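For reference, work-v3.tsv (TSV, C-alpha atoms):
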chain	number	residue	atom	x	y	z
A	13	MET	CA	-9.31	26.57	18.64
A	14	ASN	CA	-12.63	26.15	16.95
A	15	PRO	CA	-12.87	29.00	14.37
A	16	HIS	CA	-16.36	29.95	15.52
A	17	LEU	CA	-15.15	30.24	19.09
A	18	GLU	CA	-12.33	32.51	17.90
A	19	SER	CA	-14.85	34.77	16.15
A	20	ILE	CA	-17.04	34.80	19.24
A	21	HIS	CA	-14.21	35.98	21.48
A	22	ARG	CA	-13.06	38.58	18.98
A	23	LEU	CA	-16.55	39.97	18.43
A	24	ALA	CA	-17.44	39.93	22.13
A	25	LYS	CA	-14.34	42.00	22.86
A	26	ARG	CA	-15.26	44.44	20.14
A	27	ILE	CA	-18.82	44.78	21.44
A	28	GLY	CA	-17.64	45.19	25.00
A	29	TYR	CA	-20.94	45.28	26.87
A	30	SER	CA	-22.67	42.39	28.60
A	31	ILE	CA	-24.56	40.31	26.03
A	32	ARG	CA	-27.47	38.02	26.84
A	33	LEU	CA	-28.54	35.54	24.20
A	34	MET	CA	-31.49	33.23	24.70
A	35	GLU	CA	-32.16	29.83	23.19
A	36	VAL	CA	-35.73	28.57	23.13
A	37	CYS	CA	-35.25	24.95	22.21
A	38	GLY	CA	-34.92	21.90	24.43
A	39	THR	CA	-32.37	20.33	22.08
A	40	HIS	CA	-30.28	23.49	22.24
A	41	THR	CA	-30.42	23.41	26.04
A	42	MET	CA	-29.17	19.83	26.01
A	43	THR	CA	-26.44	20.45	23.44
A	44	ALA	CA	-25.22	23.61	25.15
A	45	PHE	CA	-24.80	21.84	28.47
A	46	ARG	CA	-23.57	18.46	27.24
A	47	SER	CA	-20.88	19.97	25.07
A	48	GLY	CA	-19.75	22.40	27.75
A	49	LEU	CA	-19.84	25.23	25.23
A	50	ARG	CA	-21.38	27.64	27.71
A	51	SER	CA	-18.22	27.64	29.78
A	52	LEU	CA	-16.13	28.40	26.67
A	53	LEU	CA	-17.97	31.60	25.88
A	54	PRO	CA	-16.36	34.94	26.77
A	55	THR	CA	-17.26	36.33	30.18
A	56	ASN	CA	-19.50	39.01	28.69
A	57	VAL	CA	-21.61	36.55	26.70
A	58	ALA	CA	-24.34	34.65	28.56
A	59	LEU	CA	-26.51	31.98	26.99
A	60	LEU	CA	-29.89	31.80	28.71
A	61	SER	CA	-32.38	28.97	28.48
A	62	GLY	CA	-35.92	30.02	27.73
A	63	PRO	CA	-39.20	28.11	27.49
A	64	GLY	CA	-37.99	25.71	24.81
A	65	CYS	CA	-38.84	22.44	26.49
A	66	PRO	CA	-42.42	21.49	25.58
A	67	VAL	CA	-42.83	19.13	28.52
A	68	CYS	CA	-41.56	21.78	30.94
A	69	VAL	CA	-44.02	24.44	29.78
A	70	THR	CA	-47.03	22.12	29.95
A	71	PRO	CA	-49.00	23.19	33.03
A	72	ASP	CA	-50.06	20.92	35.91
A	73	ASP	CA	-53.65	21.02	34.70
A	74	PHE	CA	-52.79	19.03	31.59
A	75	VAL	CA	-51.13	16.28	33.63
A	76	ASP	CA	-54.13	16.26	35.99
A	77	ARG	CA	-56.53	15.83	33.06
A	78	ALA	CA	-54.35	13.08	31.56
A	79	ILE	CA	-54.45	11.30	34.90
A	80	ALA	CA	-58.23	11.64	35.04
A	81	ILE	CA	-58.40	9.90	31.67
A	82	ALA	CA	-55.88	7.24	32.71
A	83	ARG	CA	-58.08	6.36	35.67
A	84	ARG	CA	-60.87	5.31	33.28
A	85	PRO	CA	-60.86	1.52	32.95
A	86	ASP	CA	-61.69	1.77	29.24
A	87	ALA	CA	-58.74	4.03	28.40
A	88	ILE	CA	-55.19	3.38	27.27
A	89	VAL	CA	-53.14	6.55	27.62
A	90	THR	CA	-50.17	6.82	25.26
A	91	THR	CA	-47.44	9.38	25.82
A	92	PHE	CA	-43.94	10.46	24.96
A	93	GLY	CA	-41.51	9.22	27.56
A	94	ASP	CA	-40.53	12.36	29.36
A	95	LEU	CA	-44.08	13.28	30.33
A	96	LEU	CA	-44.35	10.14	32.41
A	97	ARG	CA	-42.60	11.46	35.50
A	98	VAL	CA	-43.83	15.05	35.40
A	99	PRO	CA	-45.67	15.73	38.66
A	100	GLY	CA	-49.24	16.93	38.38
A	101	THR	CA	-50.97	18.50	41.36
A	102	GLU	CA	-50.97	15.31	43.44
A	103	SER	CA	-49.81	12.44	41.24
A	104	SER	CA	-47.97	11.63	38.04
A	105	LEU	CA	-48.60	9.30	35.11
A	106	GLU	CA	-45.81	7.08	36.37
A	107	ARG	CA	-47.46	6.77	39.76
A	108	GLU	CA	-50.83	6.06	38.17
A	109	ARG	CA	-49.22	3.35	36.07
A	110	ALA	CA	-47.82	1.79	39.22
A	111	ARG	CA	-51.36	1.86	40.61
A	112	GLY	CA	-52.61	-0.11	37.61
A	113	ALA	CA	-53.57	2.46	34.97
A	114	ASP	CA	-52.82	1.42	31.38
A	115	ILE	CA	-50.29	4.03	30.35
A	116	ARG	CA	-47.81	3.29	27.56
A	117	VAL	CA	-44.79	5.16	26.31
A	118	VAL	CA	-44.70	5.60	22.53
A	119	TYR	CA	-42.24	7.09	20.09
A	120	SER	CA	-44.86	8.46	17.72
A	121	ALA	CA	-48.56	9.26	17.38
A	122	LEU	CA	-48.52	6.49	14.78
A	123	ASP	CA	-47.84	3.94	17.51
A	124	ALA	CA	-50.97	5.15	19.30
A	125	LEU	CA	-52.97	4.86	16.08
A	126	ALA	CA	-51.76	1.27	15.66
A	127	LEU	CA	-52.85	0.51	19.23
A	128	ALA	CA	-56.30	1.89	18.46
A	129	ALA	CA	-56.64	-0.58	15.60
A	130	LYS	CA	-55.48	-3.38	17.86
A	131	HIS	CA	-57.87	-2.56	20.74
A	132	PRO	CA	-61.20	-1.49	19.23
A	133	ASP	CA	-62.93	-1.86	22.58
A	134	ARG	CA	-60.66	0.63	24.36
A	135	LYS	CA	-60.23	4.38	24.05
A	136	ILE	CA	-56.66	5.18	23.00
A	137	VAL	CA	-55.75	8.68	24.09
A	138	PHE	CA	-52.49	10.16	22.84
A	139	LEU	CA	-51.04	13.02	24.89
A	140	GLY	CA	-50.09	15.61	22.29
A	141	VAL	CA	-47.14	17.52	23.72
A	142	GLY	CA	-44.65	19.34	21.52
A	143	PHE	CA	-44.10	22.41	19.40
A	144	GLU	CA	-44.33	22.78	15.65
A	145	THR	CA	-41.91	19.93	14.95
A	146	THR	CA	-44.24	17.39	16.53
A	147	ALA	CA	-47.65	18.95	15.90
A	148	PRO	CA	-47.76	18.05	12.17
A	149	THR	CA	-47.08	14.40	12.97
A	150	VAL	CA	-49.98	14.35	15.41
A	151	ALA	CA	-52.19	16.23	12.94
A	152	TRP	CA	-51.36	13.58	10.35
A	153	ALA	CA	-52.41	10.80	12.73
A	154	ILE	CA	-55.70	12.56	13.54
A	155	ARG	CA	-56.46	13.05	9.86
A	156	LYS	CA	-55.58	9.41	9.16
A	157	ALA	CA	-57.94	8.28	11.91
A	158	ALA	CA	-60.72	10.46	10.52
A	159	ARG	CA	-60.18	9.10	7.02
A	160	LEU	CA	-60.24	5.52	8.29
A	161	ARG	CA	-63.60	6.23	9.88
A	162	GLN	CA	-64.91	7.70	6.66
A	163	GLY	CA	-63.80	4.68	4.69
A	164	PHE	CA	-61.18	6.37	2.51
A	165	GLY	CA	-59.53	3.99	0.11
A	166	GLY	CA	-62.46	1.62	0.17
A	167	GLN	CA	-62.25	0.11	3.62
A	168	ALA	CA	-64.08	1.65	6.53
A	169	ARG	CA	-62.28	0.85	9.74
A	170	ASP	CA	-63.46	2.42	12.90
A	171	ALA	CA	-60.67	4.52	14.36
A	172	GLY	CA	-63.14	6.47	16.48
A	173	ASN	CA	-61.36	5.11	19.51
A	174	PHE	CA	-58.22	7.14	18.70
A	175	MET	CA	-58.16	10.54	20.39
A	176	VAL	CA	-55.65	13.21	21.19
A	177	LEU	CA	-55.48	15.42	24.28
A	178	SER	CA	-53.67	18.42	22.85
A	179	ALA	CA	-51.14	20.46	24.76
A	180	HIS	CA	-49.38	21.57	21.60
A	181	ARG	CA	-47.90	25.06	21.65
A	182	THR	CA	-46.27	27.33	19.08
A	183	MET	CA	-43.00	29.12	19.72
A	184	PRO	CA	-43.15	32.61	18.14
A	185	PRO	CA	-45.98	33.85	20.45
A	186	ALA	CA	-43.95	32.80	23.50
A	187	MET	CA	-40.94	34.71	22.21
A	188	THR	CA	-43.13	37.81	21.87
A	189	ALA	CA	-44.52	37.33	25.37
A	190	LEU	CA	-41.00	37.15	26.78
A	191	LEU	CA	-40.03	40.37	25.05
A	192	ARG	CA	-43.26	42.21	25.96
A	193	GLY	CA	-42.84	41.11	29.57
A	194	GLY	CA	-39.58	43.02	29.63
A	195	GLU	CA	-38.46	41.14	32.69
A	196	VAL	CA	-35.34	39.60	31.22
A	197	ALA	CA	-33.01	41.60	29.02
A	198	ILE	CA	-32.40	39.70	25.80
A	199	ASP	CA	-30.00	40.87	23.11
A	200	GLY	CA	-30.62	38.13	20.58
A	201	PHE	CA	-32.37	34.82	20.01
A	202	LEU	CA	-31.00	31.48	18.94
A	203	CYS	CA	-34.03	30.13	17.11
A	204	PRO	CA	-34.95	26.44	17.25
A	205	GLY	CA	-33.63	24.27	14.45
A	206	HIS	CA	-36.35	21.71	13.93
A	207	VAL	CA	-39.32	23.92	14.74
A	208	SER	CA	-37.91	26.16	11.99
A	209	ALA	CA	-37.55	23.19	9.65
A	210	ILE	CA	-41.34	23.15	9.78
A	211	ILE	CA	-42.29	26.84	10.06
A	212	GLY	CA	-39.38	28.34	8.10
A	213	THR	CA	-37.59	31.55	9.07
A	214	ARG	CA	-40.28	34.08	8.19
A	215	PRO	CA	-42.26	33.80	11.46
A	216	TYR	CA	-39.31	35.35	13.31
A	217	GLU	CA	-39.10	38.43	11.12
A	218	PHE	CA	-41.47	40.43	13.28
A	219	ILE	CA	-39.08	39.97	16.22
A	220	SER	CA	-36.18	41.54	14.37
A	221	ARG	CA	-38.39	44.20	12.88
A	222	ASP	CA	-40.52	45.22	15.85
A	223	HIS	CA	-38.05	44.54	18.66
A	224	ALA	CA	-34.77	45.26	16.85
A	225	LEU	CA	-33.36	41.89	17.90
A	226	PRO	CA	-31.06	39.66	15.88
A	227	CYS	CA	-32.39	36.13	15.39
A	228	VAL	CA	-30.34	33.21	14.09
A	229	VAL	CA	-31.79	29.77	13.41
A	230	ALA	CA	-29.28	27.24	14.69
A	231	GLY	CA	-28.69	23.53	14.06
A	232	PHE	CA	-28.55	20.99	16.84
A	233	GLU	CA	-24.83	20.21	17.00
A	234	ALA	CA	-22.50	22.20	19.26
A	235	ASP	CA	-20.62	23.46	16.22
A	236	ASP	CA	-23.89	24.74	14.74
A	237	MET	CA	-24.68	26.61	17.95
A	238	LEU	CA	-21.24	28.20	18.07
A	239	ALA	CA	-21.57	29.28	14.45
A	240	ALA	CA	-24.98	30.78	15.22
A	241	ILE	CA	-23.70	32.61	18.30
A	242	ALA	CA	-20.92	34.08	16.18
A	243	MET	CA	-23.52	35.23	13.64
A	244	LEU	CA	-25.58	36.86	16.41
A	245	LEU	CA	-22.54	38.68	17.75
A	246	LYS	CA	-21.59	39.84	14.27
A	247	GLN	CA	-25.05	41.37	13.91
A	248	LEU	CA	-24.73	43.11	17.26
A	249	ALA	CA	-21.26	44.39	16.38
A	250	GLU	CA	-22.57	45.73	13.09
A	251	ASN	CA	-25.77	47.12	14.59
A	252	ARG	CA	-28.00	44.88	12.53
A	253	ALA	CA	-31.21	43.15	13.57
A	254	GLN	CA	-32.12	40.48	11.06
A	255	VAL	CA	-33.27	36.91	10.83
A	256	GLU	CA	-30.41	34.72	9.61
A	257	ASN	CA	-30.22	30.99	9.06
A	258	GLN	CA	-27.22	29.00	10.24
A	259	TYR	CA	-28.99	25.66	9.85
A	260	THR	CA	-29.18	25.66	6.07
A	261	ARG	CA	-29.19	21.89	5.87
A	262	GLY	CA	-32.35	21.73	7.93
A	263	VAL	CA	-34.22	24.94	7.31
A	264	SER	CA	-35.47	26.99	4.37
A	265	ALA	CA	-37.20	30.36	4.51
A	266	ASP	CA	-40.59	28.82	3.70
A	267	GLY	CA	-40.22	25.74	5.87
A	268	ASN	CA	-42.14	22.54	5.19
A	269	LEU	CA	-45.35	23.63	3.46
A	270	GLU	CA	-46.98	20.21	3.54
A	271	ALA	CA	-46.45	19.98	7.30
A	272	GLN	CA	-47.80	23.50	7.77
A	273	ALA	CA	-50.86	22.62	5.69
A	274	ILE	CA	-51.63	19.53	7.77
A	275	MET	CA	-51.24	21.50	10.98
A	276	ALA	CA	-53.63	24.17	9.73
A	277	GLU	CA	-56.15	21.58	8.57
A	278	VAL	CA	-56.39	19.76	11.88
A	279	PHE	CA	-55.43	22.41	14.46
A	280	GLU	CA	-56.40	26.01	15.07
A	281	PRO	CA	-54.70	28.56	17.32
A	282	CYS	CA	-56.15	28.87	20.81
A	283	ASP	CA	-55.14	30.65	23.98
A	284	ALA	CA	-52.89	28.46	26.08
A	285	GLU	CA	-51.31	28.52	29.50
A	286	TRP	CA	-47.54	28.15	29.70
A	287	ARG	CA	-45.83	27.25	32.93
A	288	GLY	CA	-44.01	30.38	33.98
A	289	LEU	CA	-45.51	32.63	31.30
A	290	GLY	CA	-49.20	32.52	32.09
A	291	THR	CA	-51.79	32.50	29.34
A	292	ILE	CA	-50.49	33.56	25.94
A	293	ALA	CA	-53.03	34.39	23.25
A	294	ALA	CA	-53.12	32.15	20.19
A	295	SER	CA	-50.09	30.20	21.38
A	296	GLY	CA	-51.72	26.80	21.62
A	297	LEU	CA	-53.04	24.39	19.04
A	298	GLY	CA	-56.58	23.15	19.58
A	299	ILE	CA	-58.22	20.45	17.51
A	300	ARG	CA	-60.70	21.90	15.03
A	301	GLN	CA	-64.41	21.25	15.41
A	302	VAL	CA	-64.53	19.10	12.28
A	303	TYR	CA	-62.12	16.67	13.96
A	304	ARG	CA	-63.75	16.85	17.40
A	305	ALA	CA	-64.50	13.12	17.35
A	306	HIS	CA	-60.77	12.69	17.92
A	307	ASP	CA	-60.44	15.42	20.54
A	308	ALA	CA	-60.14	13.75	23.94
A	309	GLN	CA	-61.04	17.01	25.71
A	310	VAL	CA	-64.38	17.17	23.89
A	311	MET	CA	-65.19	13.48	23.86
A	312	LEU	CA	-64.08	12.53	27.38
A	313	ALA	CA	-64.27	15.87	29.24
A	314	PRO	CA	-61.68	14.82	31.84
A	315	GLN	CA	-62.37	16.22	35.29
A	316	PRO	CA	-59.31	16.35	37.51
A	317	CYS	CA	-60.06	15.26	41.05
A	318	VAL	CA	-58.04	18.08	42.47
A	319	GLN	CA	-57.93	21.79	41.98
A	320	SER	CA	-54.66	22.59	40.20
A	321	GLU	CA	-52.80	25.05	42.37
A	322	LYS	CA	-49.41	26.64	42.29
A	323	ARG	CA	-46.78	24.99	44.42
A	324	SER	CA	-45.00	28.04	45.77
A	325	ALA	CA	-41.53	26.68	46.42
A	326	CYS	CA	-40.99	25.35	42.89
A	327	LEU	CA	-39.39	28.00	40.67
A	328	CYS	CA	-39.83	26.27	37.31
A	329	GLY	CA	-41.84	29.23	36.05
A	330	ASP	CA	-39.04	31.69	36.74
A	331	VAL	CA	-36.46	29.33	35.26
A	332	LEU	CA	-38.47	28.94	32.07
A	333	ARG	CA	-38.65	32.71	31.59
A	334	GLY	CA	-34.92	32.95	31.99
A	335	ALA	CA	-35.53	35.14	35.05
A	336	LYS	CA	-33.84	32.80	37.52
A	337	LEU	CA	-31.20	30.14	37.23
A	338	PRO	CA	-31.97	26.67	38.62
A	339	THR	CA	-29.33	27.27	41.27
A	340	ALA	CA	-31.52	30.06	42.68
A	341	CYS	CA	-34.33	27.62	43.45
A	342	PRO	CA	-34.37	26.51	47.11
A	343	LEU	CA	-35.48	23.04	46.07
A	344	PHE	CA	-32.68	22.51	43.53
A	345	ARG	CA	-30.46	19.61	44.54
A	346	THR	CA	-31.90	19.56	48.04
A	347	VAL	CA	-35.40	18.23	47.53
A	348	CYS	CA	-35.62	18.31	43.74
A	349	THR	CA	-33.33	15.90	41.92
A	350	PRO	CA	-33.71	13.80	38.77
A	351	GLU	CA	-34.67	10.83	40.95
A	352	THR	CA	-37.19	12.81	43.00
A	353	PRO	CA	-38.26	15.68	40.79
A	354	VAL	CA	-40.61	18.34	42.10
A	355	GLY	CA	-40.94	20.36	38.91
A	356	ALA	CA	-41.10	19.70	35.18
A	357	CYS	CA	-37.76	21.39	34.51
A	358	MET	CA	-36.00	18.66	36.45
A	359	VAL	CA	-37.96	15.76	34.99
A	360	SER	CA	-37.52	16.44	31.33
A	361	SER	CA	-34.20	15.54	29.76
A	362	GLU	CA	-34.43	18.89	27.99
A	363	GLY	CA	-35.20	20.92	31.08
A	364	ALA	CA	-32.78	23.57	32.32
A	365	CYS	CA	-32.77	22.18	35.87
A	366	ALA	CA	-31.95	18.66	34.71
A	367	ALA	CA	-29.15	20.08	32.57
A	368	TYR	CA	-27.73	22.14	35.43
A	369	TYR	CA	-27.91	19.15	37.75
A	370	ARG	CA	-26.14	16.80	35.35
A	371	TYR	CA	-23.58	19.09	33.82
A	372	GLY	CA	-23.11	21.88	36.32
A	373	VAL	CA	-22.75	25.49	35.30
B	171	MET	CA	-27.92	5.24	10.31
B	172	ASP	CA	-25.05	3.40	11.97
B	173	GLY	CA	-27.07	0.22	11.52
B	174	VAL	CA	-30.24	1.52	13.21
B	175	ARG	CA	-33.39	0.95	11.15
B	176	ARG	CA	-36.62	2.89	11.63
B	177	THR	CA	-39.94	2.90	9.86
B	178	ALA	CA	-41.20	6.36	9.03
B	179	VAL	CA	-43.98	8.12	7.17
B	180	VAL	CA	-42.64	10.14	4.24
B	181	SER	CA	-45.80	12.09	3.31
B	182	LEU	CA	-44.41	15.33	4.71
B	183	VAL	CA	-41.50	15.53	2.27
B	184	LYS	CA	-41.81	16.26	-1.46
B	185	ASP	CA	-41.15	13.40	-3.81
B	186	PRO	CA	-39.49	10.88	-1.50
B	187	ARG	CA	-37.20	8.36	-3.20
B	188	VAL	CA	-35.23	5.37	-1.97
B	189	GLY	CA	-31.70	6.59	-1.34
B	190	ASP	CA	-32.75	10.06	-0.14
B	191	TYR	CA	-31.37	11.24	3.19
B	192	VAL	CA	-34.08	12.52	5.51
B	193	LEU	CA	-34.37	14.11	8.94
B	194	LEU	CA	-36.58	11.96	11.17
B	195	HIS	CA	-38.80	13.12	14.01
B	196	ALA	CA	-41.37	11.08	15.97
B	197	GLY	CA	-41.87	8.57	13.17
B	198	PHE	CA	-41.97	11.06	10.30
B	199	ALA	CA	-39.46	12.35	7.77
B	200	ILE	CA	-39.66	16.12	8.05
B	201	ARG	CA	-36.94	17.26	5.68
B	202	LYS	CA	-34.79	15.93	2.86
B	203	TRP	CA	-31.07	16.49	3.04
B	204	SER	CA	-29.10	17.13	-0.14
B	205	GLU	CA	-25.68	15.53	-0.80
B	206	GLU	CA	-24.13	18.82	0.34
B	207	ASP	CA	-26.07	18.78	3.60
B	208	VAL	CA	-24.85	15.24	4.31
B	209	ARG	CA	-21.29	16.27	3.51
B	210	GLU	CA	-21.54	19.27	5.84
B	211	TYR	CA	-22.90	17.10	8.64
B	212	ASN	CA	-20.16	14.49	8.17
B	213	GLU	CA	-17.55	17.22	8.25
B	214	ILE	CA	-18.87	18.52	11.53
B	215	MET	CA	-18.86	15.03	13.02
B	216	ARG	CA	-15.33	14.35	11.69
B	217	ASP	CA	-14.01	17.55	13.28
B	218	VAL	CA	-15.59	16.54	16.53
B	219	ASP	CA	-13.91	13.13	16.47
B	220	ARG	CA	-10.57	14.54	15.45
B	221	SER	CA	-10.31	17.33	17.95
B	222	GLY	CA	-11.27	15.19	20.93
B	223	GLY	CA	-11.66	18.59	22.50
B	224	PRO	CA	-14.41	20.28	24.36
B	225	LEU	CA	-17.10	19.36	21.83
B	226	PRO	CA	-17.87	15.66	22.27
B	227	ALA	CA	-19.96	13.89	19.64
B	228	VAL	CA	-23.66	14.15	20.34
B	229	SER	CA	-24.93	10.63	19.87
Let me see the structure of the file written as structure tokens.
Amino acid sequence: MNPHLESIHRLAKRIGYSIRLMEVCGTHTMTAFRSGLRSLLPTNVALLSGPGCPVCVTPDDFVDRAIAIARRPDAIVTTFGDLLRVPGTESSLERERARGADIRVVYSALDALALAAKHPDRKIVFLGVGFETTAPTVAWAIRKAARLRQGFGGQARDAGNFMVLSAHRTMPPAMTALLRGGEVAIDGFLCPGHVSAIIGTRPYEFISRDHALPCVVAGFEADDMLAAIAMLLKQLAENRAQVENQYTRGVSADGNLEAQAIMAEVFEPCDAEWRGLGTIAASGLGIRQVYRAHDAQVMLAPQPCVQSEKRSACLCGDVLRGAKLPTACPLFRTVCTPETPVGACMVSSEGACAAYYRYGV
Amino acid sequence: MDGVRRTAVVSLVKDPRVGDYVLLHAGFAIRKWSEEDVREYNEIMRDVDRSGGPLPAVS
């Protein structure tokens, strides 16, 4: 048997009580389900999925505003793939594309920047979705566009047609909100690997300190996750609450300082709404005033045609908080499937509902 | 990696050199891996292949 799994079973037996660990990373959700590791855990250890999927936590209003922009004949909307099928209040980007809107899937904000150079007569709007792993790459593209406009390096090239509609969010405030909410009992956190590659391990220290919860940063392979779970259980068995790093090949205590600097230069914290968690103070990343020429919200002021309203039957919010399992949702598998998704958690490849549907419990 | 080539921006890592191993995300290198990191990763992937057990290789 895998040595980590052996430790997990031994420690879980020693601890005895029911343990609930939460991961807050879309990659962890995927790995945990695809590898089947959840079913190998002892019966008293549960691994919950939290709000770790950036597409899933993006509220309907953002999709509605993106659609409003896509409906402009002068706009090309560029997006990461899994946002395409997320339903807004009454449409989706995929549906708008079928109706003739120019919406293109890109792998990177750099692709959008290249498109802006290629189509100077169009407005290229990049939909900025993602946590701290992605935000620095988008910040870099915004800064590059600004520098091009200012003629850095001797050639002025107008990249004023490159804009970002930011839905970027940061993870530590959401973790606090979950704990303050007190709705779901959590005994320890598996911290995201690549977000931590950027922000380091220090931002989690307040969780261990103020909430007496063990936190372990985990890599993205199943073996990494098992090792991290074992480390969490060891802390619980020894009555410790510390931040530990399992993913040493990806993460240092300080993180990536250059990436943090770029994020801070282009973005500033703002209040942001999370599907399922409501508005969390200082949890979003807004584009700073000095870069407002590249802020699609400021420059284009998209007005959704519909009032964003809560669709009562969809339980994505509860699923994202870890309060309900996808199987508790009345729409799961009946109306809501990967082919005909109702909520974001089913659309995104990193969503808990999609994972449950594909891989079962 | 396994024959796949990608173009990436390396401004976010310190002192990038040809031959360095890097972690890629959305068109950017976000972290350099040391020789030991690469070895650790290869070990994990080897164990996965060998065991053929409940931990299939994540592609």
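For the residues A:Arg304, A:Arg83, A:Arg192, A:His16, ranking by smallest atom-to-atom distance to Ile219 in chain A using all atoms listed in the file places A:Arg192 first.
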If you measure from CA of Cys227 in chain A to CA of Tyr259 in chain A, what distance in Å do you get, rounded to one decimal?
12.3 Å
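Here CA of Ala153 in chain A is placed at a distance of 6.8 Å from CA of Leu125 in chain A.
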Is it possible to get the axis-aligned box enclosing range 183-201 of chain B (all listed atoms, 8 Å extra per side) as lines of an AutoDock Vina configuration file, with centre and edge lengths in Å rounded to one decimal?
center_x = -36.7
center_y = 11.3
center_z = 6.1
size_x = 26.6
size_y = 27.9
size_z = 35.8
From the options B:Leu193, B:Ser204, B:Met215, B:Ala199, which residue's atoms come nearest to Val180 in chain B, counting all atoms listed in the file?
B:Ala199
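Distances to chain A were evaluated for B:Arg176, B:Arg209, B:Arg201, B:Arg187 using all atoms listed in the file, and the minimum falls at B:Arg201.
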Would you please work out which residue, of A:Pro226, A:Gly231, A:Pro185, A:Gly372, is nearest to Ala249 in chain A when using only C-alpha atoms?
A:Pro226
May I have the residues within 10 Å of range 40-50 of chain A as a PDB file with C-alpha atoms, in the frame of the given file, using all atoms listed in the file and disregarding those fewer than 4 positions away in the same chain?
ATOM      1  CA  LEU A  17     -15.150  30.240  19.090  1.00  0.00           C
ATOM      2  CA  MET A  34     -31.490  33.230  24.700  1.00  0.00           C
ATOM      3  CA  GLU A  35     -32.160  29.830  23.190  1.00  0.00           C
ATOM      4  CA  VAL A  36     -35.730  28.570  23.130  1.00  0.00           C
ATOM      5  CA  PRO A  54     -16.360  34.940  26.770  1.00  0.00           C
ATOM      6  CA  THR A  55     -17.260  36.330  30.180  1.00  0.00           C
ATOM      7  CA  VAL A  57     -21.610  36.550  26.700  1.00  0.00           C
ATOM      8  CA  ALA A  58     -24.340  34.650  28.560  1.00  0.00           C
ATOM      9  CA  LEU A  59     -26.510  31.980  26.990  1.00  0.00           C
ATOM     10  CA  LEU A  60     -29.890  31.800  28.710  1.00  0.00           C
ATOM     11  CA  SER A  61     -32.380  28.970  28.480  1.00  0.00           C
ATOM     12  CA  GLY A  62     -35.920  30.020  27.730  1.00  0.00           C
ATOM     13  CA  GLY A  64     -37.990  25.710  24.810  1.00  0.00           C
ATOM     14  CA  CYS A  65     -38.840  22.440  26.490  1.00  0.00           C
ATOM     15  CA  LEU A 202     -31.000  31.480  18.940  1.00  0.00           C
ATOM     16  CA  CYS A 203     -34.030  30.130  17.110  1.00  0.00           C
ATOM     17  CA  PRO A 204     -34.950  26.440  17.250  1.00  0.00           C
ATOM     18  CA  GLY A 205     -33.630  24.270  14.450  1.00  0.00           C
ATOM     19  CA  ALA A 230     -29.280  27.240  14.690  1.00  0.00           C
ATOM     20  CA  GLY A 231     -28.690  23.530  14.060  1.00  0.00           C
ATOM     21  CA  PHE A 232     -28.550  20.990  16.840  1.00  0.00           C
ATOM     22  CA  GLU A 233     -24.830  20.210  17.000  1.00  0.00           C
ATOM     23  CA  ALA A 234     -22.500  22.200  19.260  1.00  0.00           C
ATOM     24  CA  ASP A 235     -20.620  23.460  16.220  1.00  0.00           C
ATOM     25  CA  ASP A 236     -23.890  24.740  14.740  1.00  0.00           C
ATOM     26  CA  MET A 237     -24.680  26.610  17.950  1.00  0.00           C
ATOM     27  CA  LEU A 238     -21.240  28.200  18.070  1.00  0.00           C
ATOM     28  CA  SER A 361     -34.200  15.540  29.760  1.00  0.00           C
ATOM     29  CA  GLU A 362     -34.430  18.890  27.990  1.00  0.00           C
ATOM     30  CA  GLY A 363     -35.200  20.920  31.080  1.00  0.00           C
ATOM     31  CA  ALA A 364     -32.780  23.570  32.320  1.00  0.00           C
ATOM     32  CA  ALA A 366     -31.950  18.660  34.710  1.00  0.00           C
ATOM     33  CA  ALA A 367     -29.150  20.080  32.570  1.00  0.00           C
ATOM     34  CA  TYR A 368     -27.730  22.140  35.430  1.00  0.00           C
ATOM     35  CA  ARG A 370     -26.140  16.800  35.350  1.00  0.00           C
ATOM     36  CA  TYR A 371     -23.580  19.090  33.820  1.00  0.00           C
ATOM     37  CA  GLY A 372     -23.110  21.880  36.320  1.00  0.00           C
ATOM     38  CA  VAL A 373     -22.750  25.490  35.300  1.00  0.00           C
TER      39      VAL A 373
ATOM     40  CA  GLY B 223     -11.660  18.590  22.500  1.00  0.00           C
ATOM     41  CA  PRO B 224     -14.410  20.280  24.360  1.00  0.00           C
ATOM     42  CA  LEU B 225     -17.100  19.360  21.830  1.00  0.00           C
ATOM     43  CA  PRO B 226     -17.870  15.660  22.270  1.00  0.00           C
ATOM     44  CA  ALA B 227     -19.960  13.890  19.640  1.00  0.00           C
ATOM     45  CA  VAL B 228     -23.660  14.150  20.340  1.00  0.00           C
TER      46      VAL B 228
END
